[in-house]
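Have a look at the structure below, then the notes.
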Amino acid sequence: MTIFVSGATGNVGRPLVEELLAAGHQVRALTRNPAKANLPAGVEVVAGNLDNTDSLAGVFTGVTAAHLISFGDNYVPLFNGEEIMALVKQAGVRKVTVLRGDVEPSALDAAVAAAGLDHTYLGPVEFMSNTLEWAESISKDGLVREGFSGVRSAVVHDADIASVAAAVLTSDGHTGKEYWLTGPEALTPPEKVRIIAEVLGREIGYVDLTEAEVIEQWRAQGYSAEDIGFFLGMRQNPPELGATVQPTVEQVTGRPGRTFAQWVRENAAAFGG
């Protein structure tokens, strides 16, 4: 059984490749730059990019199941879903998972449904790895500057998303399902900071920024007006789904989702731990 993984060097793709390989599956990993992929021995690494249909010629040949991502650079939804699925069907792929980048279905979602293959949609909420945005300020200043301190997020461990994908790709009973993936807790920014401080064993300050200060911080980080508008909307009117803990990870994988504290322990070095 050869399983195709797109975004293979990303926060979800890399642990997915590793989990599938450890379980004895043949893995074909798609990445823009195979020379820099640094994936485990035994993985077949191929060059390509989902948002460039021409680069996908032949990459699905001999593949039994494929893990796709519904977005390209900067989380822009893919425009070429029908072309991707034409190649997938032509190659005889039997099962597809789609990692969503938004609550709303994408063109790839629609193309996958229309293709008539076994398919499952994976909709993660905020990744725990997003917290690495605080790493520099925690390491240098022992401080987090953040706004919207009352907004909760059921952050999910990136590797749990990968584990759900691995289970779906290698077992039956998931066809047509839409799995929303969360961690086991819904946390506010100050609660995340408290957990990081407890794990690192040192005090970390928290400065609650105003909305205007947060917007200025995003501008300084180089985000576009469109990005800032999206970020602001998600914080001013966060979707209930993003703060509601779901049991999906445990239901699909058979084990509880990893906690934020566990993620911090695994990434303590990034925060100067």
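Following the order of the structure tokens, first chain is A, next is B, and so on, with residues numbered from 1 inside each chain and ligands from 1 in the order they appear.
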
**OP:** List every residue of region 81-263 of chain A that DSSP, applied to the backbone of this structure, places in strand (DSSP E), and write the result as an NGL selection string.
**Re:** :A and (95-99 or 118-124 or 143-147 or 178-181 or 205-209)

Which residues of region 127-181 of chain A have any atom within 12 Å of an atom in region 60-79 of chain A when counting only C-alpha atoms, and what is the closest pair of atoms for each, with the distance in Å to one decimal? Order the rows by chain and rising number and write it as CSV.
```
residue,atom,partner,partner_atom,distance
A:Ile161,CA,A:His67,CA,11.8
A:Ala162,CA,A:His67,CA,10.0
A:Val164,CA,A:His67,CA,11.3
A:Ala165,CA,A:His67,CA,7.5
A:Ala166,CA,A:His67,CA,9.0
A:Ala167,CA,A:His67,CA,11.6
A:Val168,CA,A:Ala65,CA,9.7
A:Leu169,CA,A:Ala65,CA,6.3
A:Thr170,CA,A:Ala65,CA,8.2
A:Ser171,CA,A:Ala65,CA,10.7
A:Asp172,CA,A:Ala65,CA,11.9
```

**OP:** Determine, counting only C-alpha atoms, which protein, DNA and RNA residues have an atom within 10 Å of an atom of His119 (chain A); residues of the same chain fewer than 6 positions away are not included. Present the result as a list of chain:residue names.
**Re:** A:Ala65, A:Ala66, A:His67, A:Arg94, A:Lys95, A:Val96, A:Thr97, A:Val98, A:Asp109, A:Val112, A:Ala113, A:Val168, A:Leu169, A:His174, A:Thr175, A:Gly176, A:Lys177, A:Glu178

Using N, CA and C atoms, can you export the residues from the last selection as an mmCIF file, in the first residue's frame?
```
data_model
loop_
_atom_site.group_PDB
_atom_site.id
_atom_site.type_symbol
_atom_site.label_atom_id
_atom_site.label_comp_id
_atom_site.auth_asym_id
_atom_site.auth_seq_id
_atom_site.Cartn_x
_atom_site.Cartn_y
_atom_site.Cartn_z
ATOM 1 N N ALA A 65 -3.797 5.494 -1.526
ATOM 2 C CA ALA A 65 -4.519 6.523 -0.773
ATOM 3 C C ALA A 65 -3.686 7.790 -0.769
ATOM 4 N N ALA A 66 -4.367 8.942 -0.721
ATOM 5 C CA ALA A 66 -3.653 10.218 -0.811
ATOM 6 C C ALA A 66 -4.166 11.205 0.230
ATOM 7 N N HIS A 67 -3.212 11.892 0.849
ATOM 8 C CA HIS A 67 -3.528 12.974 1.785
ATOM 9 C C HIS A 67 -3.290 14.296 1.064
ATOM 10 N N ARG A 94 -7.736 5.177 -4.514
ATOM 11 C CA ARG A 94 -9.045 4.733 -4.020
ATOM 12 C C ARG A 94 -9.561 5.555 -2.833
ATOM 13 N N LYS A 95 -8.669 6.218 -2.107
ATOM 14 C CA LYS A 95 -9.086 6.922 -0.895
ATOM 15 C C LYS A 95 -8.339 8.243 -0.782
ATOM 16 N N VAL A 96 -9.051 9.281 -0.289
ATOM 17 C CA VAL A 96 -8.454 10.610 -0.166
ATOM 18 C C VAL A 96 -8.853 11.234 1.169
ATOM 19 N N THR A 97 -7.895 11.860 1.836
ATOM 20 C CA THR A 97 -8.196 12.752 2.953
ATOM 21 C C THR A 97 -7.863 14.172 2.512
ATOM 22 N N VAL A 98 -8.657 15.126 2.998
ATOM 23 C CA VAL A 98 -8.430 16.532 2.670
ATOM 24 C C VAL A 98 -8.278 17.319 3.961
ATOM 25 N N ASP A 109 -12.548 20.569 -1.960
ATOM 26 C CA ASP A 109 -13.556 19.767 -1.256
ATOM 27 C C ASP A 109 -14.653 19.327 -2.221
ATOM 28 N N VAL A 112 -13.387 16.740 -4.752
ATOM 29 C CA VAL A 112 -13.214 15.423 -4.129
ATOM 30 C C VAL A 112 -14.559 14.717 -4.001
ATOM 31 N N ALA A 113 -15.576 15.446 -3.541
ATOM 32 C CA ALA A 113 -16.907 14.844 -3.397
ATOM 33 C C ALA A 113 -17.449 14.386 -4.743
ATOM 34 N N VAL A 168 -7.357 7.296 9.223
ATOM 35 C CA VAL A 168 -8.355 7.335 8.152
ATOM 36 C C VAL A 168 -7.804 6.711 6.872
ATOM 37 N N LEU A 169 -6.560 7.025 6.550
ATOM 38 C CA LEU A 169 -5.959 6.534 5.309
ATOM 39 C C LEU A 169 -5.740 5.023 5.317
ATOM 40 N N HIS A 174 -14.657 5.563 7.384
ATOM 41 C CA HIS A 174 -14.558 7.024 7.470
ATOM 42 C C HIS A 174 -15.088 7.735 6.223
ATOM 43 N N THR A 175 -15.629 6.978 5.289
ATOM 44 C CA THR A 175 -16.036 7.564 4.014
ATOM 45 C C THR A 175 -17.133 8.612 4.189
ATOM 46 N N GLY A 176 -16.896 9.786 3.599
ATOM 47 C CA GLY A 176 -17.878 10.858 3.635
ATOM 48 C C GLY A 176 -17.933 11.625 4.938
ATOM 49 N N LYS A 177 -17.074 11.282 5.891
ATOM 50 C CA LYS A 177 -17.098 11.942 7.195
ATOM 51 C C LYS A 177 -16.395 13.296 7.128
ATOM 52 N N GLU A 178 -16.808 14.174 8.031
ATOM 53 C CA GLU A 178 -16.205 15.492 8.199
ATOM 54 C C GLU A 178 -15.745 15.571 9.655
#
```

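The residue set within 10 Å of region 9-15 of chain A, counting only C-alpha atoms and dropping same-chain residues fewer than 6 places from it, reads Leu21, Ala29, Leu30, Thr31, Arg32, Asn33, Pro34, Lys36, Ala37, Asn38, Leu39, Pro40, His67, Leu68, Ile69, Leu99, Phe127, Ser129, His157, Asp158, Ala159, Asp160, Ile161, Ala162, Ser163, Ala165 and Ala166 of chain A.
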
Export, as a PDB file, in the first residue's frame, the selected residues with N, CA and C atoms.
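Here's the written file selection17.pdb:
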```
ATOM      1  N   LEU A  21       5.208   5.542   7.985  1.00  0.00           N
ATOM      2  CA  LEU A  21       6.424   4.752   7.759  1.00  0.00           C
ATOM      3  C   LEU A  21       6.654   3.777   8.910  1.00  0.00           C
ATOM      4  N   ALA A  29       6.211  11.159  -0.638  1.00  0.00           N
ATOM      5  CA  ALA A  29       6.080  12.477  -0.028  1.00  0.00           C
ATOM      6  C   ALA A  29       6.290  13.576  -1.055  1.00  0.00           C
ATOM      7  N   LEU A  30       5.318  14.491  -1.137  1.00  0.00           N
ATOM      8  CA  LEU A  30       5.399  15.607  -2.072  1.00  0.00           C
ATOM      9  C   LEU A  30       5.951  16.841  -1.369  1.00  0.00           C
ATOM     10  N   THR A  31       6.957  17.452  -1.977  1.00  0.00           N
ATOM     11  CA  THR A  31       7.538  18.663  -1.410  1.00  0.00           C
ATOM     12  C   THR A  31       8.120  19.507  -2.538  1.00  0.00           C
ATOM     13  N   ARG A  32       8.200  20.810  -2.295  1.00  0.00           N
ATOM     14  CA  ARG A  32       8.747  21.695  -3.327  1.00  0.00           C
ATOM     15  C   ARG A  32      10.224  21.434  -3.577  1.00  0.00           C
ATOM     16  N   ASN A  33      10.947  21.105  -2.527  1.00  0.00           N
ATOM     17  CA  ASN A  33      12.398  20.967  -2.645  1.00  0.00           C
ATOM     18  C   ASN A  33      12.862  19.674  -1.978  1.00  0.00           C
ATOM     19  N   PRO A  34      12.875  18.560  -2.708  1.00  0.00           N
ATOM     20  CA  PRO A  34      13.279  17.277  -2.127  1.00  0.00           C
ATOM     21  C   PRO A  34      14.669  17.300  -1.491  1.00  0.00           C
ATOM     22  N   LYS A  36      16.011  19.437   0.323  1.00  0.00           N
ATOM     23  CA  LYS A  36      15.994  19.991   1.669  1.00  0.00           C
ATOM     24  C   LYS A  36      14.937  19.351   2.570  1.00  0.00           C
ATOM     25  N   ALA A  37      14.295  18.294   2.087  1.00  0.00           N
ATOM     26  CA  ALA A  37      13.163  17.712   2.815  1.00  0.00           C
ATOM     27  C   ALA A  37      13.570  17.089   4.145  1.00  0.00           C
ATOM     28  N   ASN A  38      14.731  16.425   4.181  1.00  0.00           N
ATOM     29  CA  ASN A  38      15.224  15.795   5.408  1.00  0.00           C
ATOM     30  C   ASN A  38      14.180  14.857   6.018  1.00  0.00           C
ATOM     31  N   LEU A  39      13.565  14.038   5.179  1.00  0.00           N
ATOM     32  CA  LEU A  39      12.598  13.056   5.642  1.00  0.00           C
ATOM     33  C   LEU A  39      13.295  11.728   5.925  1.00  0.00           C
ATOM     34  N   PRO A  40      12.656  10.842   6.677  1.00  0.00           N
ATOM     35  CA  PRO A  40      13.314   9.586   7.059  1.00  0.00           C
ATOM     36  C   PRO A  40      13.704   8.724   5.868  1.00  0.00           C
ATOM     37  N   HIS A  67      -3.212  11.892   0.849  1.00  0.00           N
ATOM     38  CA  HIS A  67      -3.528  12.974   1.785  1.00  0.00           C
ATOM     39  C   HIS A  67      -3.290  14.296   1.064  1.00  0.00           C
ATOM     40  N   LEU A  68      -4.366  15.083   0.897  1.00  0.00           N
ATOM     41  CA  LEU A  68      -4.293  16.352   0.188  1.00  0.00           C
ATOM     42  C   LEU A  68      -4.555  17.510   1.146  1.00  0.00           C
ATOM     43  N   ILE A  69      -4.149  18.698   0.725  1.00  0.00           N
ATOM     44  CA  ILE A  69      -4.369  19.928   1.490  1.00  0.00           C
ATOM     45  C   ILE A  69      -5.165  20.877   0.604  1.00  0.00           C
ATOM     46  N   LEU A  99      -7.120  17.942   4.145  1.00  0.00           N
ATOM     47  CA  LEU A  99      -6.884  18.812   5.291  1.00  0.00           C
ATOM     48  C   LEU A  99      -7.365  20.205   4.934  1.00  0.00           C
ATOM     49  N   PHE A 127      -3.750  25.356  15.430  1.00  0.00           N
ATOM     50  CA  PHE A 127      -2.635  24.459  15.736  1.00  0.00           C
ATOM     51  C   PHE A 127      -1.902  24.940  16.986  1.00  0.00           C
ATOM     52  N   SER A 129       1.163  24.613  17.364  1.00  0.00           N
ATOM     53  CA  SER A 129       2.433  25.165  16.882  1.00  0.00           C
ATOM     54  C   SER A 129       2.354  26.655  16.586  1.00  0.00           C
ATOM     55  N   HIS A 157      -2.936  19.568  18.889  1.00  0.00           N
ATOM     56  CA  HIS A 157      -1.540  19.181  18.630  1.00  0.00           C
ATOM     57  C   HIS A 157      -1.410  18.777  17.160  1.00  0.00           C
ATOM     58  N   ASP A 158      -0.428  19.315  16.488  1.00  0.00           N
ATOM     59  CA  ASP A 158      -0.237  19.028  15.066  1.00  0.00           C
ATOM     60  C   ASP A 158      -0.129  17.525  14.799  1.00  0.00           C
ATOM     61  N   ALA A 159       0.552  16.815  15.693  1.00  0.00           N
ATOM     62  CA  ALA A 159       0.735  15.375  15.505  1.00  0.00           C
ATOM     63  C   ALA A 159      -0.566  14.608  15.671  1.00  0.00           C
ATOM     64  N   ASP A 160      -1.525  15.165  16.418  1.00  0.00           N
ATOM     65  CA  ASP A 160      -2.829  14.505  16.530  1.00  0.00           C
ATOM     66  C   ASP A 160      -3.598  14.602  15.221  1.00  0.00           C
ATOM     67  N   ILE A 161      -3.437  15.716  14.519  1.00  0.00           N
ATOM     68  CA  ILE A 161      -4.055  15.835  13.192  1.00  0.00           C
ATOM     69  C   ILE A 161      -3.469  14.758  12.282  1.00  0.00           C
ATOM     70  N   ALA A 162      -2.152  14.600  12.360  1.00  0.00           N
ATOM     71  CA  ALA A 162      -1.470  13.582  11.556  1.00  0.00           C
ATOM     72  C   ALA A 162      -1.943  12.179  11.921  1.00  0.00           C
ATOM     73  N   SER A 163      -2.139  11.922  13.214  1.00  0.00           N
ATOM     74  CA  SER A 163      -2.573  10.590  13.646  1.00  0.00           C
ATOM     75  C   SER A 163      -3.973  10.263  13.147  1.00  0.00           C
ATOM     76  N   ALA A 165      -5.304  11.536  10.395  1.00  0.00           N
ATOM     77  CA  ALA A 165      -5.130  11.297   8.963  1.00  0.00           C
ATOM     78  C   ALA A 165      -4.594   9.893   8.704  1.00  0.00           C
ATOM     79  N   ALA A 166      -3.615   9.461   9.483  1.00  0.00           N
ATOM     80  CA  ALA A 166      -3.036   8.130   9.300  1.00  0.00           C
ATOM     81  C   ALA A 166      -4.078   7.044   9.524  1.00  0.00           C
TER      82      ALA A 166
END
```

I need the residues in region 56-206 of chain A that are helix (DSSP H, G or I) according to DSSP; give them as a PDB file with C-alpha atoms, in the first residue's frame.
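What follows is the written file part.pdb:
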```
ATOM      1  CA  LEU A  56       1.894  16.758 -10.424  1.00  0.00           C
ATOM      2  CA  ASP A  73       0.837  29.427  -0.130  1.00  0.00           C
ATOM      3  CA  ASN A  74      -0.411  31.803   2.595  1.00  0.00           C
ATOM      4  CA  TYR A  75      -3.450  29.552   3.119  1.00  0.00           C
ATOM      5  CA  GLY A  81      -9.240  21.094  -7.444  1.00  0.00           C
ATOM      6  CA  GLU A  82     -10.860  19.552 -10.522  1.00  0.00           C
ATOM      7  CA  GLU A  83      -7.496  19.149 -12.266  1.00  0.00           C
ATOM      8  CA  ILE A  84      -5.960  17.528  -9.175  1.00  0.00           C
ATOM      9  CA  MET A  85      -8.826  15.067  -8.852  1.00  0.00           C
ATOM     10  CA  ALA A  86      -8.658  14.203 -12.549  1.00  0.00           C
ATOM     11  CA  LEU A  87      -5.061  13.095 -12.007  1.00  0.00           C
ATOM     12  CA  VAL A  88      -5.998  11.242  -8.808  1.00  0.00           C
ATOM     13  CA  LYS A  89      -8.802   9.302 -10.515  1.00  0.00           C
ATOM     14  CA  GLN A  90      -6.697   8.571 -13.590  1.00  0.00           C
ATOM     15  CA  ALA A  91      -4.018   7.023 -11.361  1.00  0.00           C
ATOM     16  CA  ALA A 107     -13.059  24.077  -4.488  1.00  0.00           C
ATOM     17  CA  LEU A 108     -10.941  21.010  -3.762  1.00  0.00           C
ATOM     18  CA  ASP A 109     -13.556  19.767  -1.256  1.00  0.00           C
ATOM     19  CA  ALA A 110     -16.219  19.975  -3.960  1.00  0.00           C
ATOM     20  CA  ALA A 111     -14.008  18.253  -6.529  1.00  0.00           C
ATOM     21  CA  VAL A 112     -13.214  15.423  -4.129  1.00  0.00           C
ATOM     22  CA  ALA A 113     -16.907  14.844  -3.397  1.00  0.00           C
ATOM     23  CA  ALA A 114     -17.738  14.869  -7.113  1.00  0.00           C
ATOM     24  CA  ALA A 115     -14.981  12.354  -7.906  1.00  0.00           C
ATOM     25  CA  MET A 128      -0.636  24.363  18.968  1.00  0.00           C
ATOM     26  CA  SER A 129       2.433  25.165  16.882  1.00  0.00           C
ATOM     27  CA  ASN A 130       1.027  28.667  16.286  1.00  0.00           C
ATOM     28  CA  THR A 131       2.214  29.396  19.814  1.00  0.00           C
ATOM     29  CA  LEU A 132       5.779  29.474  18.459  1.00  0.00           C
ATOM     30  CA  GLU A 133       4.954  33.068  17.492  1.00  0.00           C
ATOM     31  CA  TRP A 134       5.629  33.845  21.169  1.00  0.00           C
ATOM     32  CA  ALA A 135       8.952  32.000  21.316  1.00  0.00           C
ATOM     33  CA  GLU A 136      11.235  34.976  20.719  1.00  0.00           C
ATOM     34  CA  SER A 137       9.555  37.290  23.220  1.00  0.00           C
ATOM     35  CA  ILE A 138       9.466  34.557  25.870  1.00  0.00           C
ATOM     36  CA  SER A 139      13.115  33.636  25.313  1.00  0.00           C
ATOM     37  CA  LYS A 140      14.420  37.206  25.218  1.00  0.00           C
ATOM     38  CA  ASP A 141      12.038  39.130  27.460  1.00  0.00           C
ATOM     39  CA  ASP A 158      -0.237  19.028  15.066  1.00  0.00           C
ATOM     40  CA  ALA A 159       0.735  15.375  15.505  1.00  0.00           C
ATOM     41  CA  ASP A 160      -2.829  14.505  16.530  1.00  0.00           C
ATOM     42  CA  ILE A 161      -4.055  15.835  13.192  1.00  0.00           C
ATOM     43  CA  ALA A 162      -1.470  13.582  11.556  1.00  0.00           C
ATOM     44  CA  SER A 163      -2.573  10.590  13.646  1.00  0.00           C
ATOM     45  CA  VAL A 164      -6.193  11.052  12.609  1.00  0.00           C
ATOM     46  CA  ALA A 165      -5.130  11.297   8.963  1.00  0.00           C
ATOM     47  CA  ALA A 166      -3.036   8.130   9.300  1.00  0.00           C
ATOM     48  CA  ALA A 167      -5.925   6.214  10.856  1.00  0.00           C
ATOM     49  CA  VAL A 168      -8.355   7.335   8.152  1.00  0.00           C
ATOM     50  CA  LEU A 169      -5.959   6.534   5.309  1.00  0.00           C
ATOM     51  CA  THR A 170      -5.257   3.019   6.591  1.00  0.00           C
ATOM     52  CA  PRO A 189      -3.961  33.326  25.825  1.00  0.00           C
ATOM     53  CA  PRO A 190      -3.211  33.977  29.538  1.00  0.00           C
ATOM     54  CA  GLU A 191      -3.934  30.322  30.317  1.00  0.00           C
ATOM     55  CA  LYS A 192      -1.498  29.234  27.618  1.00  0.00           C
ATOM     56  CA  VAL A 193       1.141  31.537  29.088  1.00  0.00           C
ATOM     57  CA  ARG A 194       0.543  30.083  32.564  1.00  0.00           C
ATOM     58  CA  ILE A 195       1.020  26.543  31.236  1.00  0.00           C
ATOM     59  CA  ILE A 196       4.217  27.517  29.395  1.00  0.00           C
ATOM     60  CA  ALA A 197       5.560  29.094  32.597  1.00  0.00           C
ATOM     61  CA  GLU A 198       4.717  25.985  34.634  1.00  0.00           C
ATOM     62  CA  VAL A 199       6.413  23.670  32.153  1.00  0.00           C
ATOM     63  CA  LEU A 200       9.526  25.854  31.853  1.00  0.00           C
TER      64      LEU A 200
END
```

Subject >> All residues 6 Å or closer to Arg152 (chain A), only C-alpha atoms, same chain fewer than 4 positions away omitted, as a list in words >> reply: Ala186, Leu187, Thr188 and Ala243 of chain A

Original post:
Could you work out how far CA of Asp51 (chain A) lies from CA of Val27 (chain A), giving the answer in Å with one decimal?
Top reply: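 CA of Val27 (chain A) sits 20.8 Å away from CA of Asp51 (chain A).
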
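Distance annotation: of A:Ala35, A:Val151, A:Ala270, A:Ala220, the residue with the minimal separation from Pro238 (chain A) is A:Val151; atom set is only C-alpha atoms.
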
Original post:
Which residue out of A:Val155, A:Glu18, A:Glu146, A:Ser55 has the minimum interatomic distance to Gln217 (chain A) when only C-alpha atoms are used?
Top reply: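 Selected residue with least distance to Gln217 (chain A): A:Glu146.
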
**OP:** Extract, using only C-alpha atoms, all DNA, RNA and protein residues at most 7 Å from Gln26 (chain A), discarding same-chain residues fewer than 2 positions from it, and format them as a list in words.
**Re:**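 Residues meeting the cut-off are Met1, Thr2, Ile3, Leu21, Gly24 and Arg28 of chain A.
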
Selection above as a file: N, CA, C and O atoms, as a compact mmCIF listing (two decimals), in the first residue's frame:
```txt
# COMPACT_ATOMS: atom_id res chain seq x y z
N MET A 1 0.85 -1.19 0.00
CA MET A 1 0.00 0.00 0.00
C MET A 1 0.88 1.24 0.00
O MET A 1 1.63 1.48 0.94
N THR A 2 0.84 2.02 -1.07
CA THR A 2 1.60 3.26 -1.15
C THR A 2 0.68 4.43 -0.84
O THR A 2 -0.38 4.58 -1.46
N ILE A 3 1.09 5.26 0.12
CA ILE A 3 0.27 6.40 0.54
C ILE A 3 0.99 7.69 0.17
O ILE A 3 2.17 7.87 0.48
N LEU A 21 5.21 5.54 7.98
CA LEU A 21 6.42 4.75 7.76
C LEU A 21 6.65 3.78 8.91
O LEU A 21 6.98 2.61 8.70
N GLY A 24 4.77 0.63 8.74
CA GLY A 24 5.14 -0.30 7.68
C GLY A 24 4.60 0.01 6.31
O GLY A 24 4.69 -0.82 5.40
N ARG A 28 4.97 8.04 -0.30
CA ARG A 28 5.47 8.95 -1.32
C ARG A 28 5.18 10.38 -0.84
O ARG A 28 4.02 10.74 -0.64
```

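Interatomic distance, CA of Glu211 (chain A) to CA of Ser153 (chain A): 18.0 Å.
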
Per residue of region 64-137 of chain A within 12 Å of region 248-256 of chain A, what are the shortest atom pair and its distance in Å to one decimal, counting only C-alpha atoms, with rows by chain and residue number, as a tab-separated table?
```
residue	atom	partner	partner_atom	distance
A:Leu122	CA	A:Thr248	CA	10.3
A:Gly123	CA	A:Thr248	CA	10.7
A:Pro124	CA	A:Val249	CA	10.3
```
